[in-house]
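Working notes, beginning with the structure itself.
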Amino acid sequence: MNKDKIFKLAKGFRGRAKNCIRIARERVEKALQYSYRDRRTKKRDMRSLWIQRINAGTRVHGVNYGNFMHGLMKENIQLNRKVLSEISMHEPYSFKSLVDISRNAFPGNKNVVVPPRKVAL
């Protein structure tokens, strides 16, 4: 990379990392490594967040995440985790109907008792 491109990418860095070419080059290279790595990490983090939201929504109705997803798969309902998490947060009645469909499709979902929550005083 030429000097101008490095300084353009180093804009906003602190100290000599923004105006000394040797330090700026090292900091820009490291920043590009971090951005490459974290683009993949962001995908992982979002998927785990969607799974947590779906799991919270299904446990309200007495089903765990794995059994819920297995029931949807058996019924050939092809909604991805992102859409399911949005439905569980913003449309609880629609999500309950999905849980009911999943419960009827997979026998492991039936007769699940939700334990009462302990309230801390």
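How things are named: the first chain in the structure tokens is A, the next is B, and so on; residues count from 1 in each chain; ligands count from 1 in the order shown.
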**Prompt:** Skipping near chain neighbours, those fewer than 3 positions away, what residues fall within 8 Å of range 82-98 of chain A using only C-alpha atoms, listed as an MDAnalysis selection string?
**Reply:** chainID A and resid 47 50:51 53:54 57 61 72 79 101:102
**Message:** Just list as number ranges by chain whatever in range 33-105 of chain A DSSP marks as alpha helix (DSSP H).
**Reply:** A: 33-60, 65-74, 81-90, 92-105
Just C-alpha atoms for this one: save the residues we selected as a compact mmCIF listing (two decimals), in the first residue's frame.
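So the final result, stored in again.txt, reads:
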# COMPACT_ATOMS: atom_id res chain seq x y z
CA GLN A 33 -6.71 -8.29 10.50
CA TYR A 34 -9.18 -7.48 13.28
CA SER A 35 -11.88 -6.44 10.81
CA TYR A 36 -11.41 -9.65 8.78
CA ARG A 37 -11.64 -11.80 11.91
CA ASP A 38 -14.57 -9.94 13.43
CA ARG A 39 -16.71 -10.10 10.30
CA ARG A 40 -16.85 -13.84 10.93
CA THR A 41 -17.27 -13.49 14.68
CA LYS A 42 -20.24 -11.16 14.15
CA LYS A 43 -22.05 -13.89 12.21
CA ARG A 44 -21.44 -16.37 15.05
CA ASP A 45 -22.60 -13.93 17.70
CA MET A 46 -25.79 -13.07 15.84
CA ARG A 47 -26.69 -16.73 15.34
CA SER A 48 -26.23 -17.45 19.05
CA LEU A 49 -28.35 -14.39 19.92
CA TRP A 50 -31.16 -15.63 17.64
CA ILE A 51 -31.00 -19.08 19.26
CA GLN A 52 -31.19 -17.56 22.75
CA ARG A 53 -34.26 -15.52 21.78
CA ILE A 54 -36.00 -18.52 20.23
CA ASN A 55 -35.17 -20.65 23.27
CA ALA A 56 -36.60 -18.02 25.63
CA GLY A 57 -39.77 -17.83 23.54
CA THR A 58 -40.26 -21.59 23.39
CA ARG A 59 -39.63 -22.19 27.10
CA VAL A 60 -42.50 -19.83 27.91
CA TYR A 65 -35.22 -25.11 21.63
CA GLY A 66 -33.99 -28.43 20.24
CA ASN A 67 -37.39 -30.11 20.32
CA PHE A 68 -39.02 -27.00 18.83
CA MET A 69 -36.60 -26.91 15.89
CA HIS A 70 -36.95 -30.67 15.37
CA GLY A 71 -40.73 -30.36 15.26
CA LEU A 72 -40.51 -27.54 12.71
CA MET A 73 -38.15 -29.62 10.61
CA LYS A 74 -40.54 -32.60 10.68
CA ARG A 81 -33.45 -18.56 13.01
CA LYS A 82 -33.35 -14.83 12.32
CA VAL A 83 -37.02 -14.77 11.30
CA LEU A 84 -38.03 -17.07 14.16
CA SER A 85 -36.33 -14.82 16.71
CA GLU A 86 -38.10 -11.74 15.30
CA ILE A 87 -41.46 -13.55 15.42
CA SER A 88 -40.84 -14.68 19.01
CA MET A 89 -40.12 -11.10 20.10
CA HIS A 90 -42.68 -9.10 18.12
CA PRO A 92 -46.11 -13.80 20.38
CA TYR A 93 -49.44 -15.22 19.14
CA SER A 94 -47.96 -16.25 15.79
CA PHE A 95 -45.02 -17.78 17.61
CA LYS A 96 -47.36 -19.71 19.90
CA SER A 97 -49.06 -21.22 16.86
CA LEU A 98 -45.63 -22.33 15.57
CA VAL A 99 -44.88 -23.88 18.96
CA ASP A 100 -48.21 -25.73 18.84
CA ILE A 101 -47.48 -27.05 15.33
CA SER A 102 -44.04 -28.18 16.47
CA ARG A 103 -45.47 -29.81 19.60
CA ASN A 104 -47.98 -31.83 17.55
CA ALA A 105 -45.32 -32.92 15.04
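Computed from the coordinates, the CA of Glu29 in chain A to CA of Ile6 in chain A distance equals 9.1 Å.
Around Arg14 in chain A, within 12 Å and counting only C-alpha atoms, the residues found are Ala10, Lys11, Ala17, Lys18, Asn19, Cys20, Ile23, Ala24, Arg27 and Val28 of chain A, once anything fewer than 3 positions away on its own chain is removed.
Our summary of the geometry notes that CA of Glu75 in chain A is positioned 8.9 Å from CA of Phe106 in chain A.
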**Fill in**
Computed gap from CA of Asp4 in chain A to CA of Arg25 in chain A is 10.8 Å
